[in-house]
Structure formats: structure tokens, C-alpha cells
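Asks: Mind having a look at this structure? Questions to follow.
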Amino acid sequence: MSPLIFLFLGVSDWLSTKINVEAKFIRIGFVIAVLLAGFGIGLYLILWIIKLLSK
């Protein structure tokens with residue numbers, strides 16, 4: 001999955017408004033999660049689905 005797809009899905013911006021944290025810190029957290037354990041992609045996709053269902 002390309003990093004550009006992460007920007008198009010808008011999960012970081014959506015989540016930043018929900019938990020009141022800047023989107024850049026959320027993006028950094030996702031990148032670290034992907035690099036360390038690889039579960040960041042799955043977590044990101046789950047949050048994207050939640051974002052879609054919450055509209």
C-alpha cells in the first residue's frame with residue numbers, strides 16, 4: 001500500500017479531530033507502527049472503515 005493512499009483516505013485528519021492531537025503526530029505513529037510491527041496498516045484500515053461508517 002502506497003503512502004499516498006494514506007493521505008487520500010484522510011484517517012489521520014479525521015482521528016486528529018476526534019482525539020485532539022495534531023495529524024502529523026498520528027501519521028508519525030502510523031509509520032512507526034508499520035516499521036516496528038507491521039500492524040499499523042491493519043489499524044489504519046480499521047479506522048478508515050470506522051470513519052466511513054460514522055458519517
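A note on labels: chains of the C-alpha cells are A, B, ... as shown, every chain counts residues from 1, and ligands are counted from 1 in their shown order.
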Set the distance at 12 Å and use only C-alpha atoms: which residues neighbour A:Ser54 once local chain neighbours fewer than 2 positions away are removed? I'd like the list as a PDB file with all heavy atoms, in the first residue's frame.
Replies:
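Dumped to around30.pdb:
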```pdb
ATOM      1  N   TRP A  14      -9.085  12.926  10.285  1.00  0.00           N
ATOM      2  CA  TRP A  14     -10.324  12.583  10.982  1.00  0.00           C
ATOM      3  C   TRP A  14     -10.046  12.231  12.440  1.00  0.00           C
ATOM      4  O   TRP A  14     -10.710  12.728  13.347  1.00  0.00           O
ATOM      5  CB  TRP A  14     -11.002  11.418  10.266  1.00  0.00           C
ATOM      6  CG  TRP A  14     -12.166  10.856  10.994  1.00  0.00           C
ATOM      7  CD1 TRP A  14     -13.419  11.388  11.070  1.00  0.00           C
ATOM      8  CD2 TRP A  14     -12.188   9.656  11.767  1.00  0.00           C
ATOM      9  NE1 TRP A  14     -14.219  10.573  11.841  1.00  0.00           N
ATOM     10  CE2 TRP A  14     -13.492   9.507  12.280  1.00  0.00           C
ATOM     11  CE3 TRP A  14     -11.244   8.689  12.071  1.00  0.00           C
ATOM     12  CZ2 TRP A  14     -13.856   8.431  13.079  1.00  0.00           C
ATOM     13  CZ3 TRP A  14     -11.606   7.619  12.856  1.00  0.00           C
ATOM     14  CH2 TRP A  14     -12.893   7.499  13.352  1.00  0.00           C
ATOM     15  N   LEU A  15      -9.027  11.384  12.658  1.00  0.00           N
ATOM     16  CA  LEU A  15      -8.701  10.957  14.014  1.00  0.00           C
ATOM     17  C   LEU A  15      -8.168  12.123  14.852  1.00  0.00           C
ATOM     18  O   LEU A  15      -8.438  12.201  16.051  1.00  0.00           O
ATOM     19  CB  LEU A  15      -7.688   9.809  13.971  1.00  0.00           C
ATOM     20  CG  LEU A  15      -7.411   9.080  15.270  1.00  0.00           C
ATOM     21  CD1 LEU A  15      -8.690   8.469  15.826  1.00  0.00           C
ATOM     22  CD2 LEU A  15      -6.370   8.002  15.054  1.00  0.00           C
ATOM     23  N   LYS A  18     -10.952  13.886  16.426  1.00  0.00           N
ATOM     24  CA  LYS A  18     -11.625  13.086  17.452  1.00  0.00           C
ATOM     25  C   LYS A  18     -10.866  13.071  18.776  1.00  0.00           C
ATOM     26  O   LYS A  18     -11.461  13.114  19.850  1.00  0.00           O
ATOM     27  CB  LYS A  18     -11.820  11.638  16.978  1.00  0.00           C
ATOM     28  CG  LYS A  18     -12.728  11.488  15.796  1.00  0.00           C
ATOM     29  CD  LYS A  18     -14.145  11.823  16.170  1.00  0.00           C
ATOM     30  CE  LYS A  18     -15.065  11.614  14.978  1.00  0.00           C
ATOM     31  NZ  LYS A  18     -16.392  12.072  15.219  1.00  0.00           N
ATOM     32  N   LEU A  47      -9.568   1.856  11.153  1.00  0.00           N
ATOM     33  CA  LEU A  47     -10.005   3.220  11.461  1.00  0.00           C
ATOM     34  C   LEU A  47     -10.662   3.874  10.252  1.00  0.00           C
ATOM     35  O   LEU A  47     -11.609   4.655  10.396  1.00  0.00           O
ATOM     36  CB  LEU A  47      -8.826   4.058  11.953  1.00  0.00           C
ATOM     37  CG  LEU A  47      -8.333   3.712  13.347  1.00  0.00           C
ATOM     38  CD1 LEU A  47      -7.044   4.464  13.651  1.00  0.00           C
ATOM     39  CD2 LEU A  47      -9.391   4.031  14.387  1.00  0.00           C
ATOM     40  N   TRP A  48     -10.188   3.553   9.053  1.00  0.00           N
ATOM     41  CA  TRP A  48     -10.795   4.097   7.847  1.00  0.00           C
ATOM     42  C   TRP A  48     -12.231   3.591   7.704  1.00  0.00           C
ATOM     43  O   TRP A  48     -13.133   4.350   7.370  1.00  0.00           O
ATOM     44  CB  TRP A  48      -9.957   3.710   6.633  1.00  0.00           C
ATOM     45  CG  TRP A  48     -10.532   4.165   5.332  1.00  0.00           C
ATOM     46  CD1 TRP A  48     -10.714   5.454   4.912  1.00  0.00           C
ATOM     47  CD2 TRP A  48     -11.023   3.330   4.288  1.00  0.00           C
ATOM     48  NE1 TRP A  48     -11.272   5.458   3.665  1.00  0.00           N
ATOM     49  CE2 TRP A  48     -11.469   4.169   3.253  1.00  0.00           C
ATOM     50  CE3 TRP A  48     -11.097   1.957   4.128  1.00  0.00           C
ATOM     51  CZ2 TRP A  48     -11.996   3.664   2.081  1.00  0.00           C
ATOM     52  CZ3 TRP A  48     -11.621   1.470   2.949  1.00  0.00           C
ATOM     53  CH2 TRP A  48     -12.066   2.316   1.943  1.00  0.00           C
ATOM     54  N   ILE A  49     -12.451   2.315   7.979  1.00  0.00           N
ATOM     55  CA  ILE A  49     -13.805   1.754   7.918  1.00  0.00           C
ATOM     56  C   ILE A  49     -14.705   2.413   8.966  1.00  0.00           C
ATOM     57  O   ILE A  49     -15.856   2.763   8.682  1.00  0.00           O
ATOM     58  CB  ILE A  49     -13.763   0.220   8.083  1.00  0.00           C
ATOM     59  CG1 ILE A  49     -13.098  -0.406   6.860  1.00  0.00           C
ATOM     60  CG2 ILE A  49     -15.158  -0.346   8.295  1.00  0.00           C
ATOM     61  CD1 ILE A  49     -12.766  -1.866   7.011  1.00  0.00           C
ATOM     62  N   ILE A  50     -14.178   2.607  10.163  1.00  0.00           N
ATOM     63  CA  ILE A  50     -14.960   3.279  11.219  1.00  0.00           C
ATOM     64  C   ILE A  50     -15.304   4.692  10.783  1.00  0.00           C
ATOM     65  O   ILE A  50     -16.424   5.165  10.995  1.00  0.00           O
ATOM     66  CB  ILE A  50     -14.180   3.271  12.551  1.00  0.00           C
ATOM     67  CG1 ILE A  50     -14.081   1.841  13.088  1.00  0.00           C
ATOM     68  CG2 ILE A  50     -14.828   4.203  13.561  1.00  0.00           C
ATOM     69  CD1 ILE A  50     -13.147   1.710  14.265  1.00  0.00           C
ATOM     70  N   LYS A  51     -14.338   5.369  10.162  1.00  0.00           N
ATOM     71  CA  LYS A  51     -14.582   6.732   9.678  1.00  0.00           C
ATOM     72  C   LYS A  51     -15.711   6.737   8.653  1.00  0.00           C
ATOM     73  O   LYS A  51     -16.595   7.598   8.694  1.00  0.00           O
ATOM     74  CB  LYS A  51     -13.310   7.293   9.055  1.00  0.00           C
ATOM     75  CG  LYS A  51     -13.467   8.643   8.436  1.00  0.00           C
ATOM     76  CD  LYS A  51     -12.239   9.009   7.626  1.00  0.00           C
ATOM     77  CE  LYS A  51     -12.622  10.050   6.614  1.00  0.00           C
ATOM     78  NZ  LYS A  51     -11.719  10.120   5.512  1.00  0.00           N
ATOM     79  N   LEU A  52     -15.692   5.782   7.726  1.00  0.00           N
ATOM     80  CA  LEU A  52     -16.738   5.723   6.710  1.00  0.00           C
ATOM     81  C   LEU A  52     -18.106   5.456   7.320  1.00  0.00           C
ATOM     82  O   LEU A  52     -19.112   6.027   6.902  1.00  0.00           O
ATOM     83  CB  LEU A  52     -16.415   4.642   5.682  1.00  0.00           C
ATOM     84  CG  LEU A  52     -15.265   4.940   4.751  1.00  0.00           C
ATOM     85  CD1 LEU A  52     -15.008   3.747   3.842  1.00  0.00           C
ATOM     86  CD2 LEU A  52     -15.525   6.186   3.931  1.00  0.00           C
TER      87      LEU A  52
END
```
Asks: Taking the DSSP secondary structure from the backbone, can you list the residues of chain A that are alpha helix (DSSP H), as a PDB file with N, CA and C atoms, in the first residue's frame?
Replies:
```pdb
ATOM      1  N   PRO A   3       2.157   5.089   0.465  1.00  0.00           N
ATOM      2  CA  PRO A   3       1.922   6.156   1.461  1.00  0.00           C
ATOM      3  C   PRO A   3       0.939   7.220   0.965  1.00  0.00           C
ATOM      4  N   LEU A   4       0.843   7.402  -0.356  1.00  0.00           N
ATOM      5  CA  LEU A   4      -0.112   8.377  -0.886  1.00  0.00           C
ATOM      6  C   LEU A   4      -1.545   7.980  -0.591  1.00  0.00           C
ATOM      7  N   ILE A   5      -1.815   6.693  -0.543  1.00  0.00           N
ATOM      8  CA  ILE A   5      -3.169   6.231  -0.237  1.00  0.00           C
ATOM      9  C   ILE A   5      -3.559   6.665   1.166  1.00  0.00           C
ATOM     10  N   PHE A   6      -2.598   6.650   2.103  1.00  0.00           N
ATOM     11  CA  PHE A   6      -2.889   7.088   3.463  1.00  0.00           C
ATOM     12  C   PHE A   6      -3.378   8.525   3.479  1.00  0.00           C
ATOM     13  N   LEU A   7      -2.797   9.377   2.644  1.00  0.00           N
ATOM     14  CA  LEU A   7      -3.213  10.773   2.608  1.00  0.00           C
ATOM     15  C   LEU A   7      -4.609  10.915   2.023  1.00  0.00           C
ATOM     16  N   PHE A   8      -4.962  10.076   1.062  1.00  0.00           N
ATOM     17  CA  PHE A   8      -6.265  10.180   0.419  1.00  0.00           C
ATOM     18  C   PHE A   8      -7.385   9.659   1.301  1.00  0.00           C
ATOM     19  N   LEU A   9      -7.097   8.709   2.144  1.00  0.00           N
ATOM     20  CA  LEU A   9      -8.145   8.160   2.990  1.00  0.00           C
ATOM     21  C   LEU A   9      -8.555   9.132   4.088  1.00  0.00           C
ATOM     22  N   VAL A  11      -7.648   9.413   7.252  1.00  0.00           N
ATOM     23  CA  VAL A  11      -7.825   8.893   8.607  1.00  0.00           C
ATOM     24  C   VAL A  11      -7.097   9.751   9.633  1.00  0.00           C
ATOM     25  N   SER A  12      -5.909  10.189   9.321  1.00  0.00           N
ATOM     26  CA  SER A  12      -5.141  10.979  10.294  1.00  0.00           C
ATOM     27  C   SER A  12      -5.839  12.286  10.632  1.00  0.00           C
ATOM     28  N   ASP A  13      -6.347  12.952   9.614  1.00  0.00           N
ATOM     29  CA  ASP A  13      -7.068  14.210   9.873  1.00  0.00           C
ATOM     30  C   ASP A  13      -8.346  13.963  10.657  1.00  0.00           C
ATOM     31  N   TRP A  14      -9.085  12.926  10.285  1.00  0.00           N
ATOM     32  CA  TRP A  14     -10.324  12.583  10.982  1.00  0.00           C
ATOM     33  C   TRP A  14     -10.046  12.231  12.440  1.00  0.00           C
ATOM     34  N   LEU A  15      -9.027  11.384  12.658  1.00  0.00           N
ATOM     35  CA  LEU A  15      -8.701  10.957  14.014  1.00  0.00           C
ATOM     36  C   LEU A  15      -8.168  12.123  14.852  1.00  0.00           C
ATOM     37  N   SER A  16      -7.454  13.034  14.217  1.00  0.00           N
ATOM     38  CA  SER A  16      -6.915  14.179  14.959  1.00  0.00           C
ATOM     39  C   SER A  16      -8.034  15.045  15.536  1.00  0.00           C
ATOM     40  N   THR A  17      -9.138  15.168  14.819  1.00  0.00           N
ATOM     41  CA  THR A  17     -10.249  15.951  15.356  1.00  0.00           C
ATOM     42  C   THR A  17     -10.965  15.210  16.486  1.00  0.00           C
ATOM     43  N   LYS A  18     -10.952  13.886  16.426  1.00  0.00           N
ATOM     44  CA  LYS A  18     -11.625  13.086  17.452  1.00  0.00           C
ATOM     45  C   LYS A  18     -10.866  13.071  18.776  1.00  0.00           C
ATOM     46  N   ILE A  19      -9.522  12.971  18.705  1.00  0.00           N
ATOM     47  CA  ILE A  19      -8.745  12.840  19.936  1.00  0.00           C
ATOM     48  C   ILE A  19      -7.938  14.096  20.269  1.00  0.00           C
ATOM     49  N   ALA A  23      -2.498  16.031  13.371  1.00  0.00           N
ATOM     50  CA  ALA A  23      -2.482  14.933  12.398  1.00  0.00           C
ATOM     51  C   ALA A  23      -1.064  14.443  12.115  1.00  0.00           C
ATOM     52  N   LYS A  24      -0.082  15.336  12.166  1.00  0.00           N
ATOM     53  CA  LYS A  24       1.289  14.905  11.861  1.00  0.00           C
ATOM     54  C   LYS A  24       1.798  13.900  12.898  1.00  0.00           C
ATOM     55  N   PHE A  25       1.380  14.042  14.148  1.00  0.00           N
ATOM     56  CA  PHE A  25       1.804  13.088  15.170  1.00  0.00           C
ATOM     57  C   PHE A  25       1.133  11.723  14.962  1.00  0.00           C
ATOM     58  N   ILE A  26      -0.097  11.750  14.505  1.00  0.00           N
ATOM     59  CA  ILE A  26      -0.802  10.499  14.212  1.00  0.00           C
ATOM     60  C   ILE A  26      -0.138   9.804  13.033  1.00  0.00           C
ATOM     61  N   ARG A  27       0.226  10.565  12.008  1.00  0.00           N
ATOM     62  CA  ARG A  27       0.917   9.974  10.849  1.00  0.00           C
ATOM     63  C   ARG A  27       2.249   9.365  11.267  1.00  0.00           C
ATOM     64  N   ILE A  28       2.987  10.058  12.110  1.00  0.00           N
ATOM     65  CA  ILE A  28       4.266   9.532  12.593  1.00  0.00           C
ATOM     66  C   ILE A  28       4.040   8.241  13.366  1.00  0.00           C
ATOM     67  N   GLY A  29       2.999   8.197  14.166  1.00  0.00           N
ATOM     68  CA  GLY A  29       2.672   6.986  14.915  1.00  0.00           C
ATOM     69  C   GLY A  29       2.346   5.814  14.004  1.00  0.00           C
ATOM     70  N   PHE A  30       1.597   6.073  12.927  1.00  0.00           N
ATOM     71  CA  PHE A  30       1.287   5.005  11.979  1.00  0.00           C
ATOM     72  C   PHE A  30       2.550   4.496  11.285  1.00  0.00           C
ATOM     73  N   VAL A  31       3.425   5.403  10.902  1.00  0.00           N
ATOM     74  CA  VAL A  31       4.674   4.996  10.240  1.00  0.00           C
ATOM     75  C   VAL A  31       5.529   4.148  11.179  1.00  0.00           C
ATOM     76  N   ILE A  32       5.642   4.562  12.428  1.00  0.00           N
ATOM     77  CA  ILE A  32       6.423   3.792  13.402  1.00  0.00           C
ATOM     78  C   ILE A  32       5.785   2.421  13.624  1.00  0.00           C
ATOM     79  N   ALA A  33       4.459   2.379  13.709  1.00  0.00           N
ATOM     80  CA  ALA A  33       3.774   1.096  13.907  1.00  0.00           C
ATOM     81  C   ALA A  33       4.005   0.153  12.725  1.00  0.00           C
ATOM     82  N   VAL A  34       4.026   0.692  11.526  1.00  0.00           N
ATOM     83  CA  VAL A  34       4.271  -0.139  10.347  1.00  0.00           C
ATOM     84  C   VAL A  34       5.708  -0.643  10.351  1.00  0.00           C
ATOM     85  N   LEU A  35       6.646   0.226  10.678  1.00  0.00           N
ATOM     86  CA  LEU A  35       8.055  -0.166  10.655  1.00  0.00           C
ATOM     87  C   LEU A  35       8.404  -1.161  11.753  1.00  0.00           C
ATOM     88  N   LEU A  36       7.832  -1.010  12.923  1.00  0.00           N
ATOM     89  CA  LEU A  36       8.196  -1.872  14.044  1.00  0.00           C
ATOM     90  C   LEU A  36       7.465  -3.204  14.039  1.00  0.00           C
ATOM     91  N   GLY A  40       0.377  -1.463  11.808  1.00  0.00           N
ATOM     92  CA  GLY A  40      -0.142  -0.121  11.552  1.00  0.00           C
ATOM     93  C   GLY A  40      -1.054  -0.057  10.349  1.00  0.00           C
ATOM     94  N   ILE A  41      -0.774  -0.877   9.340  1.00  0.00           N
ATOM     95  CA  ILE A  41      -1.614  -0.879   8.137  1.00  0.00           C
ATOM     96  C   ILE A  41      -3.001  -1.412   8.468  1.00  0.00           C
ATOM     97  N   GLY A  42      -3.055  -2.497   9.205  1.00  0.00           N
ATOM     98  CA  GLY A  42      -4.346  -3.052   9.600  1.00  0.00           C
ATOM     99  C   GLY A  42      -5.126  -2.095  10.472  1.00  0.00           C
ATOM    100  N   LEU A  43      -4.454  -1.466  11.426  1.00  0.00           N
ATOM    101  CA  LEU A  43      -5.101  -0.491  12.301  1.00  0.00           C
ATOM    102  C   LEU A  43      -5.630   0.681  11.491  1.00  0.00           C
ATOM    103  N   TYR A  44      -4.833   1.135  10.536  1.00  0.00           N
ATOM    104  CA  TYR A  44      -5.240   2.250   9.691  1.00  0.00           C
ATOM    105  C   TYR A  44      -6.495   1.896   8.905  1.00  0.00           C
ATOM    106  N   LEU A  45      -6.536   0.695   8.328  1.00  0.00           N
ATOM    107  CA  LEU A  45      -7.701   0.279   7.547  1.00  0.00           C
ATOM    108  C   LEU A  45      -8.944   0.132   8.421  1.00  0.00           C
ATOM    109  N   ILE A  46      -8.780  -0.368   9.631  1.00  0.00           N
ATOM    110  CA  ILE A  46      -9.913  -0.475  10.557  1.00  0.00           C
ATOM    111  C   ILE A  46     -10.452   0.912  10.896  1.00  0.00           C
ATOM    112  N   LEU A  47      -9.568   1.856  11.153  1.00  0.00           N
ATOM    113  CA  LEU A  47     -10.005   3.220  11.461  1.00  0.00           C
ATOM    114  C   LEU A  47     -10.662   3.874  10.252  1.00  0.00           C
ATOM    115  N   TRP A  48     -10.188   3.553   9.053  1.00  0.00           N
ATOM    116  CA  TRP A  48     -10.795   4.097   7.847  1.00  0.00           C
ATOM    117  C   TRP A  48     -12.231   3.591   7.704  1.00  0.00           C
ATOM    118  N   ILE A  49     -12.451   2.315   7.979  1.00  0.00           N
ATOM    119  CA  ILE A  49     -13.805   1.754   7.918  1.00  0.00           C
ATOM    120  C   ILE A  49     -14.705   2.413   8.966  1.00  0.00           C
ATOM    121  N   ILE A  50     -14.178   2.607  10.163  1.00  0.00           N
ATOM    122  CA  ILE A  50     -14.960   3.279  11.219  1.00  0.00           C
ATOM    123  C   ILE A  50     -15.304   4.692  10.783  1.00  0.00           C
ATOM    124  N   LYS A  51     -14.338   5.369  10.162  1.00  0.00           N
ATOM    125  CA  LYS A  51     -14.582   6.732   9.678  1.00  0.00           C
ATOM    126  C   LYS A  51     -15.711   6.737   8.653  1.00  0.00           C
ATOM    127  N   LEU A  52     -15.692   5.782   7.726  1.00  0.00           N
ATOM    128  CA  LEU A  52     -16.738   5.723   6.710  1.00  0.00           C
ATOM    129  C   LEU A  52     -18.106   5.456   7.320  1.00  0.00           C
ATOM    130  N   LEU A  53     -18.147   4.586   8.320  1.00  0.00           N
ATOM    131  CA  LEU A  53     -19.423   4.220   8.939  1.00  0.00           C
ATOM    132  C   LEU A  53     -19.959   5.316   9.853  1.00  0.00           C
TER     133      LEU A  53
END
```
